[in-house]
Amino acid sequence: MYNDIRLEKGLYNLSGKSFTAALEELDPSSAYAGTPLEKLDAFERQLKRFNIRISGPDCDCVEKFFSTTETAVLFPEFVTRCIRKGFDETVLKSVCAAKTVCSSSQYLGCVLDDSEAYAATDQAETLPEATVREGTTATVLEKFGRLISASYEAVRQQRLDVFGVMLRSVGVRLAVSVVKKAVAVLSNGLTPITTTALTYNDLAALYGEFDCFDMNTVIASPALASKIAAMEQLKDCKAAPDGRLILPFGAELVKTSAADEDTIIGIDRDFALEFITSTDLVMETDKLIDRQLDQMTVSITCGFRRITPDAVKVLTVTENE
């Protein structure tokens, strides 16, 4: 049972396993089916065990994690989860068709050559061929990270929910730096259609560039996104329940500062981009456990590869008025 688990630093250093995965092996969630704890994972059960409240009116302060040597072991996972929550709430989920975990710093994916026309084939004739081959150019993974300076004395009396919001904001900004790379990969080498003053007709023209695929996502900078949102044709558009703005032809408008000020990218998010990572978010744990919070580091090593070139189209606005 979760009350009998021995918490120690070594749970963070098991090869190929996250802290939560290591806890789950010791305390499987499947054992709690049909009980009041069935909706909690192994880490959340440890918070309950030690009565650490990370939200709500009776939320604890940071120092609650350091009341014992065992509860201190839980703190790095709390920090990592807060940053990951901010990271995952960004537009990455709206632009990536697939995620690949790679064990090295370079990734060589497959390439589909499918340029022959799709048409009827006469009887006994050879069918047109689509070829999948190994790529010739490797995707080099890059490291994105942040060093967070905060002494224990400065944060020990801070409520955990407020401290968590601060950490989530770091995750959001970290994700934006990663999205900048994704946007660059999406538009690299493509010939854009151009306009001098953005209108709804230009968006419709971008939509019309798609043939077999569908433009279900439009990526734009905050300035261009505001121009789009202010268009007369969008006045009757209603936001989705989660706040996303859906354009009249069904595409989600994704506003991000990672996009260039003069470029709008239309994609079919189900086919366009592959997210490649060799790590999940990595947090230095030993110093956090020992209350040496002066320098917390969080990082992710990742890269992107365009899977289907025809699933990406670009519109360039040469003059914003």
# chains A, B, ... in the order shown; residues from 1 in each chain; ligands from 1
>>> select_by_dssp(residues="stretch 151-299 of chain A", states="helix (DSSP H, G or I)", output="PyMOL selection string")
chain A and resi 152-155+160-187+200-208+222-229+232-234+286-289
>>> residues_around(residues="stretch 187-190 of chain A", least_positions_apart="3", cutoff="9 Å", atoms="only C-alpha atoms", output="ChimeraX atom specification")
/A:182-184,265,309,312-314
>>> write_last_selection(atoms="C-alpha atoms", output="short mmCIF file (atom, residue, chain, number, x, y, z; two decimals), in the first residue's frame")
data_model
loop_
_atom_site.label_atom_id
_atom_site.label_comp_id
_atom_site.auth_asym_id
_atom_site.auth_seq_id
_atom_site.Cartn_x
_atom_site.Cartn_y
_atom_site.Cartn_z
CA ALA A 182 8.61 24.12 -34.90
CA VAL A 183 7.38 27.15 -36.84
CA ALA A 184 10.76 27.56 -38.56
CA ILE A 265 1.14 29.25 -41.72
CA PRO A 309 5.19 18.94 -47.28
CA VAL A 312 1.79 22.95 -45.03
CA LYS A 313 1.15 26.23 -46.88
CA VAL A 314 2.46 29.73 -46.14
#
>>> residues_around(residues="A:Lys181", least_positions_apart="3", cutoff="9 Å", atoms="only C-alpha atoms", output="PDB file with C-alpha atoms, in the first residue's frame")
ATOM      1  CA  VAL A 176       7.213  29.087 -26.766  1.00  0.00           C
ATOM      2  CA  SER A 177      10.959  28.839 -27.405  1.00  0.00           C
ATOM      3  CA  VAL A 178      10.417  25.263 -28.596  1.00  0.00           C
ATOM      4  CA  ALA A 184      10.757  27.557 -38.558  1.00  0.00           C
ATOM      5  CA  VAL A 185      10.737  23.905 -39.643  1.00  0.00           C
ATOM      6  CA  LEU A 186       7.174  24.134 -40.953  1.00  0.00           C
ATOM      7  CA  ALA A 258       6.738  32.119 -31.884  1.00  0.00           C
ATOM      8  CA  GLY A 303      13.603  18.839 -32.619  1.00  0.00           C
ATOM      9  CA  PHE A 304      11.028  18.819 -35.407  1.00  0.00           C
TER      10      PHE A 304
END
>>> closest_residue(among="A:Asp113, A:Glu142, A:Glu261, A:Glu8", to="A:Ile307", atoms="only C-alpha atoms")
A:Asp113
>>> residues_around(residues="stretch 163-169 of chain A", least_positions_apart="2", cutoff="12 Å", atoms="only C-alpha atoms", output="ChimeraX atom specification")
/A:54-55,59-63,75-90,146-150,154-161,171-176,296-298
>>> residues_around(residues="stretch 69-71 of chain A", least_positions_apart="2", cutoff="9 Å", atoms="only C-alpha atoms", output="MDAnalysis selection string")
chainID A and resid 6:9 46:47 50 52 64:67 73:75 289:290
>>> residues_around(residues="A:Leu203", least_positions_apart="4", cutoff="9 Å", atoms="only C-alpha atoms", output="number ranges by chain")
A: 198-199, 207-208, 228, 264, 315
>>> atom_distance(atom1="atom CA of A:Gly10", atom2="atom CA of A:Asn51")
22.7 Å
>>> closest_atom_pairs(of="stretch 195-281 of chain A", to="stretch 16-34 of chain A", cutoff="12 Å", atoms="only C-alpha atoms", output="tab-separated table")
residue	atom	partner	partner_atom	distance
A:Ser278	CA	A:Gly16	CA	11.2
A:Thr279	CA	A:Gly16	CA	9.8
A:Asp280	CA	A:Ser18	CA	8.9
A:Leu281	CA	A:Ser18	CA	10.1
>>> write_last_selection(atoms="C-alpha atoms", output="short mmCIF file (atom, residue, chain, number, x, y, z; two decimals), in the first residue's frame")
data_model
loop_
_atom_site.label_atom_id
_atom_site.label_comp_id
_atom_site.auth_asym_id
_atom_site.auth_seq_id
_atom_site.Cartn_x
_atom_site.Cartn_y
_atom_site.Cartn_z
CA SER A 278 15.33 12.39 -26.52
CA THR A 279 14.14 13.38 -23.04
CA ASP A 280 11.08 14.41 -21.15
CA LEU A 281 11.47 17.60 -19.13
#
>>> select_by_dssp(residues="stretch 91-311 of chain A", states="strand (DSSP E or B)", output="PyMOL selection string")
chain A and resi 98-101+106-107+110-113+131-134+139-140+142-148+159+193-195+217-220+239+245-246+252-255+263-267+273-277+282-283+296-306
>>> closest_residue(among="A:Thr217, A:Thr126, A:Gln106, A:Asn201", to="A:Met231", atoms="only C-alpha atoms")
A:Asn201
>>> closest_residue(among="A:Arg269, A:Asn13, A:Glu116, A:Ala130", to="A:Val91", atoms="only C-alpha atoms")
A:Arg269
>>> decode(residues="stretch 77-231 of chain A", atoms="C-alpha atoms", output="PDB file, in the first residue's frame")
ATOM      1  CA  GLU A  77       8.325  15.877  -8.900  1.00  0.00           C
ATOM      2  CA  PHE A  78       5.987  18.666  -7.787  1.00  0.00           C
ATOM      3  CA  VAL A  79       8.229  21.249  -9.503  1.00  0.00           C
ATOM      4  CA  THR A  80       8.505  19.154 -12.660  1.00  0.00           C
ATOM      5  CA  ARG A  81       4.742  18.607 -12.874  1.00  0.00           C
ATOM      6  CA  CYS A  82       4.025  22.314 -12.543  1.00  0.00           C
ATOM      7  CA  ILE A  83       6.494  23.224 -15.300  1.00  0.00           C
ATOM      8  CA  ARG A  84       5.255  20.374 -17.501  1.00  0.00           C
ATOM      9  CA  LYS A  85       1.655  21.520 -17.064  1.00  0.00           C
ATOM     10  CA  GLY A  86       2.607  24.959 -18.384  1.00  0.00           C
ATOM     11  CA  PHE A  87       4.623  23.391 -21.191  1.00  0.00           C
ATOM     12  CA  ASP A  88       1.774  21.092 -22.258  1.00  0.00           C
ATOM     13  CA  GLU A  89      -0.857  23.843 -22.216  1.00  0.00           C
ATOM     14  CA  THR A  90       0.751  25.652 -25.158  1.00  0.00           C
ATOM     15  CA  VAL A  91       0.185  25.329 -28.906  1.00  0.00           C
ATOM     16  CA  LEU A  92       2.464  22.314 -29.386  1.00  0.00           C
ATOM     17  CA  LYS A  93      -0.538  20.013 -29.047  1.00  0.00           C
ATOM     18  CA  SER A  94      -2.259  21.941 -31.867  1.00  0.00           C
ATOM     19  CA  VAL A  95       0.549  21.633 -34.420  1.00  0.00           C
ATOM     20  CA  CYS A  96       2.170  18.211 -33.960  1.00  0.00           C
ATOM     21  CA  ALA A  97       0.879  15.122 -35.761  1.00  0.00           C
ATOM     22  CA  ALA A  98       3.157  12.655 -33.973  1.00  0.00           C
ATOM     23  CA  LYS A  99       5.720  12.448 -31.180  1.00  0.00           C
ATOM     24  CA  THR A 100       8.846  10.303 -31.458  1.00  0.00           C
ATOM     25  CA  VAL A 101      11.206   9.444 -28.618  1.00  0.00           C
ATOM     26  CA  CYS A 102      14.783   9.187 -29.903  1.00  0.00           C
ATOM     27  CA  SER A 103      17.695   7.839 -27.863  1.00  0.00           C
ATOM     28  CA  SER A 104      20.380   9.905 -29.623  1.00  0.00           C
ATOM     29  CA  SER A 105      21.045  13.558 -30.415  1.00  0.00           C
ATOM     30  CA  GLN A 106      20.232  13.037 -34.113  1.00  0.00           C
ATOM     31  CA  TYR A 107      17.202  11.486 -35.771  1.00  0.00           C
ATOM     32  CA  LEU A 108      16.976  10.099 -39.288  1.00  0.00           C
ATOM     33  CA  GLY A 109      13.358   9.564 -40.235  1.00  0.00           C
ATOM     34  CA  CYS A 110      11.709   8.065 -43.288  1.00  0.00           C
ATOM     35  CA  VAL A 111      10.641  10.020 -46.362  1.00  0.00           C
ATOM     36  CA  LEU A 112       7.601   9.235 -48.519  1.00  0.00           C
ATOM     37  CA  ASP A 113       8.005   9.758 -52.275  1.00  0.00           C
ATOM     38  CA  ASP A 114       4.441   9.783 -53.579  1.00  0.00           C
ATOM     39  CA  SER A 115       4.646  12.149 -56.536  1.00  0.00           C
ATOM     40  CA  GLU A 116       2.997  10.008 -59.224  1.00  0.00           C
ATOM     41  CA  ALA A 117      -0.609  10.903 -60.027  1.00  0.00           C
ATOM     42  CA  TYR A 118      -3.405   8.900 -58.438  1.00  0.00           C
ATOM     43  CA  ALA A 119      -5.511   7.694 -61.371  1.00  0.00           C
ATOM     44  CA  ALA A 120      -7.182   4.603 -62.735  1.00  0.00           C
ATOM     45  CA  THR A 121      -4.797   1.885 -63.929  1.00  0.00           C
ATOM     46  CA  ASP A 122      -5.539  -0.304 -66.894  1.00  0.00           C
ATOM     47  CA  GLN A 123      -5.815  -4.029 -66.346  1.00  0.00           C
ATOM     48  CA  ALA A 124      -2.435  -5.813 -66.290  1.00  0.00           C
ATOM     49  CA  GLU A 125      -0.598  -2.489 -66.016  1.00  0.00           C
ATOM     50  CA  THR A 126       1.757  -1.765 -63.139  1.00  0.00           C
ATOM     51  CA  LEU A 127       0.262   0.331 -60.375  1.00  0.00           C
ATOM     52  CA  PRO A 128       1.857   3.733 -59.683  1.00  0.00           C
ATOM     53  CA  GLU A 129       4.407   3.437 -56.910  1.00  0.00           C
ATOM     54  CA  ALA A 130       4.832   5.271 -53.633  1.00  0.00           C
ATOM     55  CA  THR A 131       8.243   4.747 -52.060  1.00  0.00           C
ATOM     56  CA  VAL A 132       9.225   4.993 -48.415  1.00  0.00           C
ATOM     57  CA  ARG A 133      12.952   5.405 -47.935  1.00  0.00           C
ATOM     58  CA  GLU A 134      15.341   6.501 -45.250  1.00  0.00           C
ATOM     59  CA  GLY A 135      15.947  10.239 -45.194  1.00  0.00           C
ATOM     60  CA  THR A 136      19.281  11.714 -46.177  1.00  0.00           C
ATOM     61  CA  THR A 137      19.271  14.610 -43.715  1.00  0.00           C
ATOM     62  CA  ALA A 138      19.213  14.007 -39.977  1.00  0.00           C
ATOM     63  CA  THR A 139      17.248  16.174 -37.584  1.00  0.00           C
ATOM     64  CA  VAL A 140      19.652  17.486 -34.958  1.00  0.00           C
ATOM     65  CA  LEU A 141      18.013  17.736 -31.551  1.00  0.00           C
ATOM     66  CA  GLU A 142      18.613  20.912 -29.584  1.00  0.00           C
ATOM     67  CA  LYS A 143      18.475  21.631 -25.873  1.00  0.00           C
ATOM     68  CA  PHE A 144      16.011  24.191 -24.537  1.00  0.00           C
ATOM     69  CA  GLY A 145      16.110  25.037 -20.868  1.00  0.00           C
ATOM     70  CA  ARG A 146      15.996  27.499 -18.035  1.00  0.00           C
ATOM     71  CA  LEU A 147      17.983  28.154 -14.885  1.00  0.00           C
ATOM     72  CA  ILE A 148      15.687  29.274 -12.045  1.00  0.00           C
ATOM     73  CA  SER A 149      17.306  31.079  -9.122  1.00  0.00           C
ATOM     74  CA  ALA A 150      15.352  30.959  -5.847  1.00  0.00           C
ATOM     75  CA  SER A 151      16.728  30.486  -2.355  1.00  0.00           C
ATOM     76  CA  TYR A 152      14.880  28.255   0.086  1.00  0.00           C
ATOM     77  CA  GLU A 153      14.460  31.154   2.487  1.00  0.00           C
ATOM     78  CA  ALA A 154      12.791  33.206  -0.240  1.00  0.00           C
ATOM     79  CA  VAL A 155      10.155  30.575  -1.091  1.00  0.00           C
ATOM     80  CA  ARG A 156       9.671  28.503   2.074  1.00  0.00           C
ATOM     81  CA  GLN A 157       6.612  30.515   3.179  1.00  0.00           C
ATOM     82  CA  GLN A 158       5.153  30.777  -0.331  1.00  0.00           C
ATOM     83  CA  ARG A 159       1.855  28.967  -0.883  1.00  0.00           C
ATOM     84  CA  LEU A 160       2.286  25.944  -3.118  1.00  0.00           C
ATOM     85  CA  ASP A 161      -0.518  26.960  -5.490  1.00  0.00           C
ATOM     86  CA  VAL A 162       1.062  30.389  -6.098  1.00  0.00           C
ATOM     87  CA  PHE A 163       4.542  28.900  -6.451  1.00  0.00           C
ATOM     88  CA  GLY A 164       3.038  26.373  -8.863  1.00  0.00           C
ATOM     89  CA  VAL A 165       1.631  29.153 -11.044  1.00  0.00           C
ATOM     90  CA  MET A 166       5.099  30.728 -11.230  1.00  0.00           C
ATOM     91  CA  LEU A 167       6.573  27.417 -12.320  1.00  0.00           C
ATOM     92  CA  ARG A 168       3.807  26.903 -14.886  1.00  0.00           C
ATOM     93  CA  SER A 169       4.667  30.283 -16.401  1.00  0.00           C
ATOM     94  CA  VAL A 170       8.247  29.071 -16.857  1.00  0.00           C
ATOM     95  CA  GLY A 171       6.865  26.023 -18.659  1.00  0.00           C
ATOM     96  CA  VAL A 172       4.781  28.232 -20.946  1.00  0.00           C
ATOM     97  CA  ARG A 173       7.770  30.392 -21.906  1.00  0.00           C
ATOM     98  CA  LEU A 174       9.957  27.333 -22.388  1.00  0.00           C
ATOM     99  CA  ALA A 175       7.356  25.860 -24.737  1.00  0.00           C
ATOM    100  CA  VAL A 176       7.213  29.087 -26.766  1.00  0.00           C
ATOM    101  CA  SER A 177      10.959  28.839 -27.405  1.00  0.00           C
ATOM    102  CA  VAL A 178      10.417  25.263 -28.596  1.00  0.00           C
ATOM    103  CA  VAL A 179       7.486  26.310 -30.801  1.00  0.00           C
ATOM    104  CA  LYS A 180       9.729  28.873 -32.517  1.00  0.00           C
ATOM    105  CA  LYS A 181      11.756  25.934 -33.796  1.00  0.00           C
ATOM    106  CA  ALA A 182       8.610  24.117 -34.899  1.00  0.00           C
ATOM    107  CA  VAL A 183       7.383  27.150 -36.839  1.00  0.00           C
ATOM    108  CA  ALA A 184      10.757  27.557 -38.558  1.00  0.00           C
ATOM    109  CA  VAL A 185      10.737  23.905 -39.643  1.00  0.00           C
ATOM    110  CA  LEU A 186       7.174  24.134 -40.953  1.00  0.00           C
ATOM    111  CA  SER A 187       7.859  27.104 -43.247  1.00  0.00           C
ATOM    112  CA  ASN A 188      11.439  26.359 -44.272  1.00  0.00           C
ATOM    113  CA  GLY A 189      11.905  26.028 -48.029  1.00  0.00           C
ATOM    114  CA  LEU A 190       8.256  26.617 -48.952  1.00  0.00           C
ATOM    115  CA  THR A 191       7.190  29.152 -51.575  1.00  0.00           C
ATOM    116  CA  PRO A 192       4.588  31.431 -49.969  1.00  0.00           C
ATOM    117  CA  ILE A 193       1.657  33.200 -51.501  1.00  0.00           C
ATOM    118  CA  THR A 194       1.923  36.925 -50.784  1.00  0.00           C
ATOM    119  CA  THR A 195      -0.327  39.858 -50.006  1.00  0.00           C
ATOM    120  CA  THR A 196       0.287  43.508 -49.177  1.00  0.00           C
ATOM    121  CA  ALA A 197      -2.690  43.980 -46.854  1.00  0.00           C
ATOM    122  CA  LEU A 198      -4.209  41.016 -45.066  1.00  0.00           C
ATOM    123  CA  THR A 199      -7.876  40.381 -45.922  1.00  0.00           C
ATOM    124  CA  TYR A 200     -10.292  37.521 -45.491  1.00  0.00           C
ATOM    125  CA  ASN A 201      -9.860  36.756 -49.192  1.00  0.00           C
ATOM    126  CA  ASP A 202      -6.179  36.065 -48.506  1.00  0.00           C
ATOM    127  CA  LEU A 203      -7.110  33.546 -45.818  1.00  0.00           C
ATOM    128  CA  ALA A 204      -9.556  31.929 -48.247  1.00  0.00           C
ATOM    129  CA  ALA A 205      -6.792  31.787 -50.861  1.00  0.00           C
ATOM    130  CA  LEU A 206      -4.517  30.056 -48.349  1.00  0.00           C
ATOM    131  CA  TYR A 207      -7.314  27.597 -47.614  1.00  0.00           C
ATOM    132  CA  GLY A 208      -7.667  26.974 -51.348  1.00  0.00           C
ATOM    133  CA  GLU A 209      -3.979  26.038 -51.639  1.00  0.00           C
ATOM    134  CA  PHE A 210      -4.711  22.719 -49.959  1.00  0.00           C
ATOM    135  CA  ASP A 211      -5.583  19.838 -52.250  1.00  0.00           C
ATOM    136  CA  CYS A 212      -5.651  16.366 -50.694  1.00  0.00           C
ATOM    137  CA  PHE A 213      -5.186  17.698 -47.183  1.00  0.00           C
ATOM    138  CA  ASP A 214      -7.267  20.129 -45.168  1.00  0.00           C
ATOM    139  CA  MET A 215      -6.219  23.358 -43.482  1.00  0.00           C
ATOM    140  CA  ASN A 216      -7.440  22.727 -39.941  1.00  0.00           C
ATOM    141  CA  THR A 217      -4.915  24.977 -38.163  1.00  0.00           C
ATOM    142  CA  VAL A 218      -3.771  28.549 -38.882  1.00  0.00           C
ATOM    143  CA  ILE A 219      -0.670  29.756 -37.021  1.00  0.00           C
ATOM    144  CA  ALA A 220      -0.164  33.515 -36.687  1.00  0.00           C
ATOM    145  CA  SER A 221       1.636  36.084 -34.550  1.00  0.00           C
ATOM    146  CA  PRO A 222      -0.441  38.024 -31.994  1.00  0.00           C
ATOM    147  CA  ALA A 223      -0.534  41.061 -34.321  1.00  0.00           C
ATOM    148  CA  LEU A 224      -1.766  39.110 -37.344  1.00  0.00           C
ATOM    149  CA  ALA A 225      -4.103  36.990 -35.213  1.00  0.00           C
ATOM    150  CA  SER A 226      -5.759  40.163 -33.920  1.00  0.00           C
ATOM    151  CA  LYS A 227      -6.237  41.369 -37.516  1.00  0.00           C
ATOM    152  CA  ILE A 228      -7.871  38.063 -38.392  1.00  0.00           C
ATOM    153  CA  ALA A 229     -10.104  38.112 -35.313  1.00  0.00           C
ATOM    154  CA  ALA A 230     -11.257  41.637 -36.204  1.00  0.00           C
ATOM    155  CA  MET A 231     -12.344  40.730 -39.745  1.00  0.00           C
TER     156      MET A 231
END
